[in-house]
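Have a look at the structure below, then the notes.
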Amino acid sequence: MRVIIHLGEPFWRAAGRRQVELALAEGATVADALAALAHTTPALAADLAYSEAQPLVFVNDEAATSETALPPDARLHLVWPVSGG
């Protein structure tokens, strides 16, 4: 199935583009999409690996977790969490 990942700041700068289209197996999850993204776009691998802050992921404008199943033609939005101080 096809999914499109829209990259927010700073991801799009590292990737050199604002979106990435991936072909994933039926039943894929957000975790599968992020693993495929890290594989196809190595510049993002470090940011997508587990660290203190994890990127926020939205699937079709709904907040998602790594276990969220992706519907066909899903649109993911990957953004960096922001905090104030």
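Ordering of the structure tokens sets the chain letters (A, B, ...), residue numbers begin anew at 1 in every chain, and ligands are numbered from 1 in the order given.
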Surrounding residues of Phe58 of chain A excluding itself and chain neighbours under 2 positions, 7 Å, only C-alpha atoms, as a PDB file with all heavy atoms, in the first residue's frame:
```pdb
ATOM      1  N   LEU A  56       6.543  13.544  16.845  1.00  0.00           N
ATOM      2  CA  LEU A  56       5.102  13.321  16.894  1.00  0.00           C
ATOM      3  C   LEU A  56       4.645  12.900  15.506  1.00  0.00           C
ATOM      4  O   LEU A  56       5.115  13.434  14.501  1.00  0.00           O
ATOM      5  CB  LEU A  56       4.380  14.595  17.310  1.00  0.00           C
ATOM      6  CG  LEU A  56       4.737  15.136  18.687  1.00  0.00           C
ATOM      7  CD1 LEU A  56       4.041  16.464  18.933  1.00  0.00           C
ATOM      8  CD2 LEU A  56       4.395  14.137  19.772  1.00  0.00           C
ATOM      9  N   ASN A  60      -3.479  10.938   8.924  1.00  0.00           N
ATOM     10  CA  ASN A  60      -4.708  11.564   8.429  1.00  0.00           C
ATOM     11  C   ASN A  60      -5.249  12.561   9.459  1.00  0.00           C
ATOM     12  O   ASN A  60      -6.427  12.554   9.792  1.00  0.00           O
ATOM     13  CB  ASN A  60      -5.746  10.514   8.049  1.00  0.00           C
ATOM     14  CG  ASN A  60      -5.272   9.638   6.916  1.00  0.00           C
ATOM     15  OD1 ASN A  60      -4.397  10.007   6.148  1.00  0.00           O
ATOM     16  ND2 ASN A  60      -5.828   8.453   6.825  1.00  0.00           N
ATOM     17  N   ASP A  61      -4.363  13.382   9.990  1.00  0.00           N
ATOM     18  CA  ASP A  61      -4.674  14.470  10.935  1.00  0.00           C
ATOM     19  C   ASP A  61      -5.068  14.017  12.335  1.00  0.00           C
ATOM     20  O   ASP A  61      -5.531  14.822  13.132  1.00  0.00           O
ATOM     21  CB  ASP A  61      -5.748  15.407  10.366  1.00  0.00           C
ATOM     22  CG  ASP A  61      -5.285  16.095   9.097  1.00  0.00           C
ATOM     23  OD1 ASP A  61      -4.088  16.424   9.010  1.00  0.00           O
ATOM     24  OD2 ASP A  61      -6.113  16.302   8.199  1.00  0.00           O
ATOM     25  N   GLU A  62      -4.886  12.748  12.669  1.00  0.00           N
ATOM     26  CA  GLU A  62      -5.163  12.236  14.011  1.00  0.00           C
ATOM     27  C   GLU A  62      -3.848  11.815  14.659  1.00  0.00           C
ATOM     28  O   GLU A  62      -3.009  11.178  14.013  1.00  0.00           O
ATOM     29  CB  GLU A  62      -6.095  11.026  13.951  1.00  0.00           C
ATOM     30  CG  GLU A  62      -7.462  11.316  13.365  1.00  0.00           C
ATOM     31  CD  GLU A  62      -8.331  12.150  14.296  1.00  0.00           C
ATOM     32  OE1 GLU A  62      -8.199  12.015  15.524  1.00  0.00           O
ATOM     33  OE2 GLU A  62      -9.143  12.941  13.783  1.00  0.00           O
ATOM     34  N   ALA A  63      -3.664  12.167  15.936  1.00  0.00           N
ATOM     35  CA  ALA A  63      -2.458  11.758  16.660  1.00  0.00           C
ATOM     36  C   ALA A  63      -2.355  10.235  16.636  1.00  0.00           C
ATOM     37  O   ALA A  63      -3.358   9.527  16.745  1.00  0.00           O
ATOM     38  CB  ALA A  63      -2.503  12.258  18.093  1.00  0.00           C
ATOM     39  N   ALA A  64      -1.126   9.746  16.465  1.00  0.00           N
ATOM     40  CA  ALA A  64      -0.911   8.307  16.336  1.00  0.00           C
ATOM     41  C   ALA A  64       0.244   7.858  17.224  1.00  0.00           C
ATOM     42  O   ALA A  64       1.093   8.655  17.610  1.00  0.00           O
ATOM     43  CB  ALA A  64      -0.617   7.954  14.882  1.00  0.00           C
ATOM     44  N   LEU A  76       0.852  10.655   6.534  1.00  0.00           N
ATOM     45  CA  LEU A  76       1.476  10.844   7.847  1.00  0.00           C
ATOM     46  C   LEU A  76       2.129  12.213   7.888  1.00  0.00           C
ATOM     47  O   LEU A  76       2.688  12.662   6.886  1.00  0.00           O
ATOM     48  CB  LEU A  76       2.553   9.782   8.096  1.00  0.00           C
ATOM     49  CG  LEU A  76       2.067   8.381   8.463  1.00  0.00           C
ATOM     50  CD1 LEU A  76       1.489   7.666   7.279  1.00  0.00           C
ATOM     51  CD2 LEU A  76       3.203   7.599   9.060  1.00  0.00           C
ATOM     52  N   HIS A  77       2.059  12.840   9.030  1.00  0.00           N
ATOM     53  CA  HIS A  77       2.749  14.108   9.252  1.00  0.00           C
ATOM     54  C   HIS A  77       3.716  13.875  10.403  1.00  0.00           C
ATOM     55  O   HIS A  77       3.307  13.428  11.474  1.00  0.00           O
ATOM     56  CB  HIS A  77       1.760  15.226   9.594  1.00  0.00           C
ATOM     57  CG  HIS A  77       0.857  15.559   8.463  1.00  0.00           C
ATOM     58  ND1 HIS A  77       1.139  16.549   7.555  1.00  0.00           N
ATOM     59  CD2 HIS A  77      -0.317  15.004   8.064  1.00  0.00           C
ATOM     60  CE1 HIS A  77       0.180  16.598   6.659  1.00  0.00           C
ATOM     61  NE2 HIS A  77      -0.708  15.661   6.947  1.00  0.00           N
ATOM     62  N   LEU A  78       4.974  14.158  10.157  1.00  0.00           N
ATOM     63  CA  LEU A  78       6.034  13.938  11.136  1.00  0.00           C
ATOM     64  C   LEU A  78       6.540  15.297  11.595  1.00  0.00           C
ATOM     65  O   LEU A  78       7.041  16.081  10.783  1.00  0.00           O
ATOM     66  CB  LEU A  78       7.162  13.140  10.474  1.00  0.00           C
ATOM     67  CG  LEU A  78       8.304  12.662  11.337  1.00  0.00           C
ATOM     68  CD1 LEU A  78       7.821  11.670  12.367  1.00  0.00           C
ATOM     69  CD2 LEU A  78       9.375  12.024  10.464  1.00  0.00           C
TER      70      LEU A  78
END
```
query = What is the atom CA of Ala74 of chain A to atom CA of Ile5 of chain A distance in Å?
reply = 8.4 Å
inquiry  = If we count only C-alpha atoms and set the cut-off at 10 Å, which residues sit around Asp47 of chain A, ignoring sequence neighbours fewer than 4 positions away in its own chain? Please answer as a list of chain:residue names.
reply    = A:Pro10, A:Phe11, A:Ala14, A:Ala38, A:Pro42, A:Ala43, A:Ser51, A:Ala53, A:Gln54, A:Pro55, A:Trp80
Include all heavy atoms and write out the residues we just selected as an mmCIF file, in the first residue's frame.
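Generated file (out-v8.cif):
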```cif
data_model
loop_
_atom_site.group_PDB
_atom_site.id
_atom_site.type_symbol
_atom_site.label_atom_id
_atom_site.label_comp_id
_atom_site.auth_asym_id
_atom_site.auth_seq_id
_atom_site.Cartn_x
_atom_site.Cartn_y
_atom_site.Cartn_z
ATOM 1 N N PRO A 10 12.612 19.746 11.873
ATOM 2 C CA PRO A 10 13.775 19.902 11.008
ATOM 3 C C PRO A 10 13.952 18.744 10.024
ATOM 4 O O PRO A 10 14.939 18.669 9.323
ATOM 5 C CB PRO A 10 14.926 19.909 12.001
ATOM 6 C CG PRO A 10 14.497 18.928 13.052
ATOM 7 C CD PRO A 10 12.990 19.127 13.161
ATOM 8 N N PHE A 11 12.968 17.832 9.978
ATOM 9 C CA PHE A 11 13.110 16.623 9.172
ATOM 10 C C PHE A 11 13.255 16.917 7.681
ATOM 11 O O PHE A 11 14.053 16.289 7.007
ATOM 12 C CB PHE A 11 11.920 15.686 9.420
ATOM 13 C CG PHE A 11 11.751 15.324 10.857
ATOM 14 C CD1 PHE A 11 10.676 15.793 11.588
ATOM 15 C CD2 PHE A 11 12.684 14.528 11.505
ATOM 16 C CE1 PHE A 11 10.528 15.476 12.912
ATOM 17 C CE2 PHE A 11 12.544 14.199 12.837
ATOM 18 C CZ PHE A 11 11.465 14.681 13.543
ATOM 19 N N ALA A 14 16.796 17.931 6.705
ATOM 20 C CA ALA A 14 17.746 16.811 6.698
ATOM 21 C C ALA A 14 17.521 15.921 5.479
ATOM 22 O O ALA A 14 18.480 15.443 4.871
ATOM 23 C CB ALA A 14 17.615 15.999 7.985
ATOM 24 N N ALA A 38 13.489 5.624 7.704
ATOM 25 C CA ALA A 38 14.896 5.662 8.131
ATOM 26 C C ALA A 38 15.781 4.899 7.154
ATOM 27 O O ALA A 38 16.914 5.310 6.884
ATOM 28 C CB ALA A 38 15.039 5.086 9.537
ATOM 29 N N PRO A 42 18.499 7.838 4.912
ATOM 30 C CA PRO A 42 19.448 7.668 6.018
ATOM 31 C C PRO A 42 19.726 8.939 6.814
ATOM 32 O O PRO A 42 20.051 8.862 8.004
ATOM 33 C CB PRO A 42 20.717 7.161 5.328
ATOM 34 C CG PRO A 42 20.245 6.541 4.066
ATOM 35 C CD PRO A 42 19.041 7.343 3.644
ATOM 36 N N ALA A 43 19.570 10.103 6.202
ATOM 37 C CA ALA A 43 19.812 11.353 6.923
ATOM 38 C C ALA A 43 18.843 11.526 8.091
ATOM 39 O O ALA A 43 19.121 12.285 9.023
ATOM 40 C CB ALA A 43 19.690 12.544 5.973
ATOM 41 N N SER A 51 15.310 8.170 21.364
ATOM 42 C CA SER A 51 16.108 9.146 22.111
ATOM 43 C C SER A 51 15.182 9.774 23.144
ATOM 44 O O SER A 51 14.058 9.339 23.330
ATOM 45 C CB SER A 51 16.687 10.200 21.169
ATOM 46 O OG SER A 51 15.638 10.937 20.572
ATOM 47 N N ALA A 53 13.603 12.609 23.108
ATOM 48 C CA ALA A 53 12.413 13.175 22.482
ATOM 49 C C ALA A 53 12.099 12.408 21.209
ATOM 50 O O ALA A 53 12.975 12.174 20.393
ATOM 51 C CB ALA A 53 12.635 14.648 22.159
ATOM 52 N N GLN A 54 10.865 12.003 21.080
ATOM 53 C CA GLN A 54 10.420 11.286 19.894
ATOM 54 C C GLN A 54 9.595 12.226 19.019
ATOM 55 O O GLN A 54 8.861 13.067 19.538
ATOM 56 C CB GLN A 54 9.555 10.085 20.294
ATOM 57 C CG GLN A 54 10.340 8.979 20.952
ATOM 58 C CD GLN A 54 11.304 8.343 19.978
ATOM 59 O OE1 GLN A 54 10.908 7.794 18.972
ATOM 60 N NE2 GLN A 54 12.578 8.414 20.279
ATOM 61 N N PRO A 55 9.698 12.085 17.715
ATOM 62 C CA PRO A 55 8.865 12.914 16.847
ATOM 63 C C PRO A 55 7.390 12.570 17.056
ATOM 64 O O PRO A 55 7.048 11.446 17.417
ATOM 65 C CB PRO A 55 9.323 12.545 15.443
ATOM 66 C CG PRO A 55 10.084 11.291 15.569
ATOM 67 C CD PRO A 55 10.549 11.173 16.971
ATOM 68 N N TRP A 80 8.402 17.662 14.995
ATOM 69 C CA TRP A 80 9.216 17.620 16.204
ATOM 70 C C TRP A 80 8.419 18.236 17.341
ATOM 71 O O TRP A 80 7.805 19.287 17.166
ATOM 72 C CB TRP A 80 10.518 18.372 15.990
ATOM 73 C CG TRP A 80 11.553 18.013 16.988
ATOM 74 C CD1 TRP A 80 12.036 18.799 17.989
ATOM 75 C CD2 TRP A 80 12.228 16.757 17.122
ATOM 76 N NE1 TRP A 80 12.962 18.114 18.722
ATOM 77 C CE2 TRP A 80 13.104 16.866 18.209
ATOM 78 C CE3 TRP A 80 12.179 15.561 16.426
ATOM 79 C CZ2 TRP A 80 13.916 15.826 18.633
ATOM 80 C CZ3 TRP A 80 12.988 14.514 16.842
ATOM 81 C CH2 TRP A 80 13.853 14.655 17.927
#
```
inquiry  = I'd like to know which of A:Ala31, A:Ala36, A:Ala15, A:Ala25 is closest to Met1 of chain A, using only C-alpha atoms.
reply    =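 Ranking A:Ala31, A:Ala36, A:Ala15, A:Ala25 by distance to Met1 of chain A, first place goes to A:Ala25.
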inquiry  = Taking the DSSP secondary structure from the backbone, can you list the residues of chain A that are alpha helix (DSSP H), as a PyMOL selection string?
reply    = chain A and resi 11-15+30-40+45-48
ask   = Using only C-alpha atoms, which of A:Glu67, A:Val82, A:Thr41, A:Ala49 sits nearest Arg13 of chain A?
value =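 Nearest candidate to Arg13 of chain A out of A:Glu67, A:Val82, A:Thr41, A:Ala49: A:Thr41.
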query = What is the distance, in Å and to one decimal place, between atom CA of Pro72 of chain A and atom CA of Gly27 of chain A?
reply =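 Between atom CA of Pro72 of chain A and atom CA of Gly27 of chain A the gap works out to 8.9 Å.
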inquiry  = Set the distance at 8 Å and use only C-alpha atoms: which residues neighbour Leu22 of chain A once local chain neighbours fewer than 3 positions away are removed? I'd like the list as number ranges by chain.
reply    = A: 2-5, 33, 36-37
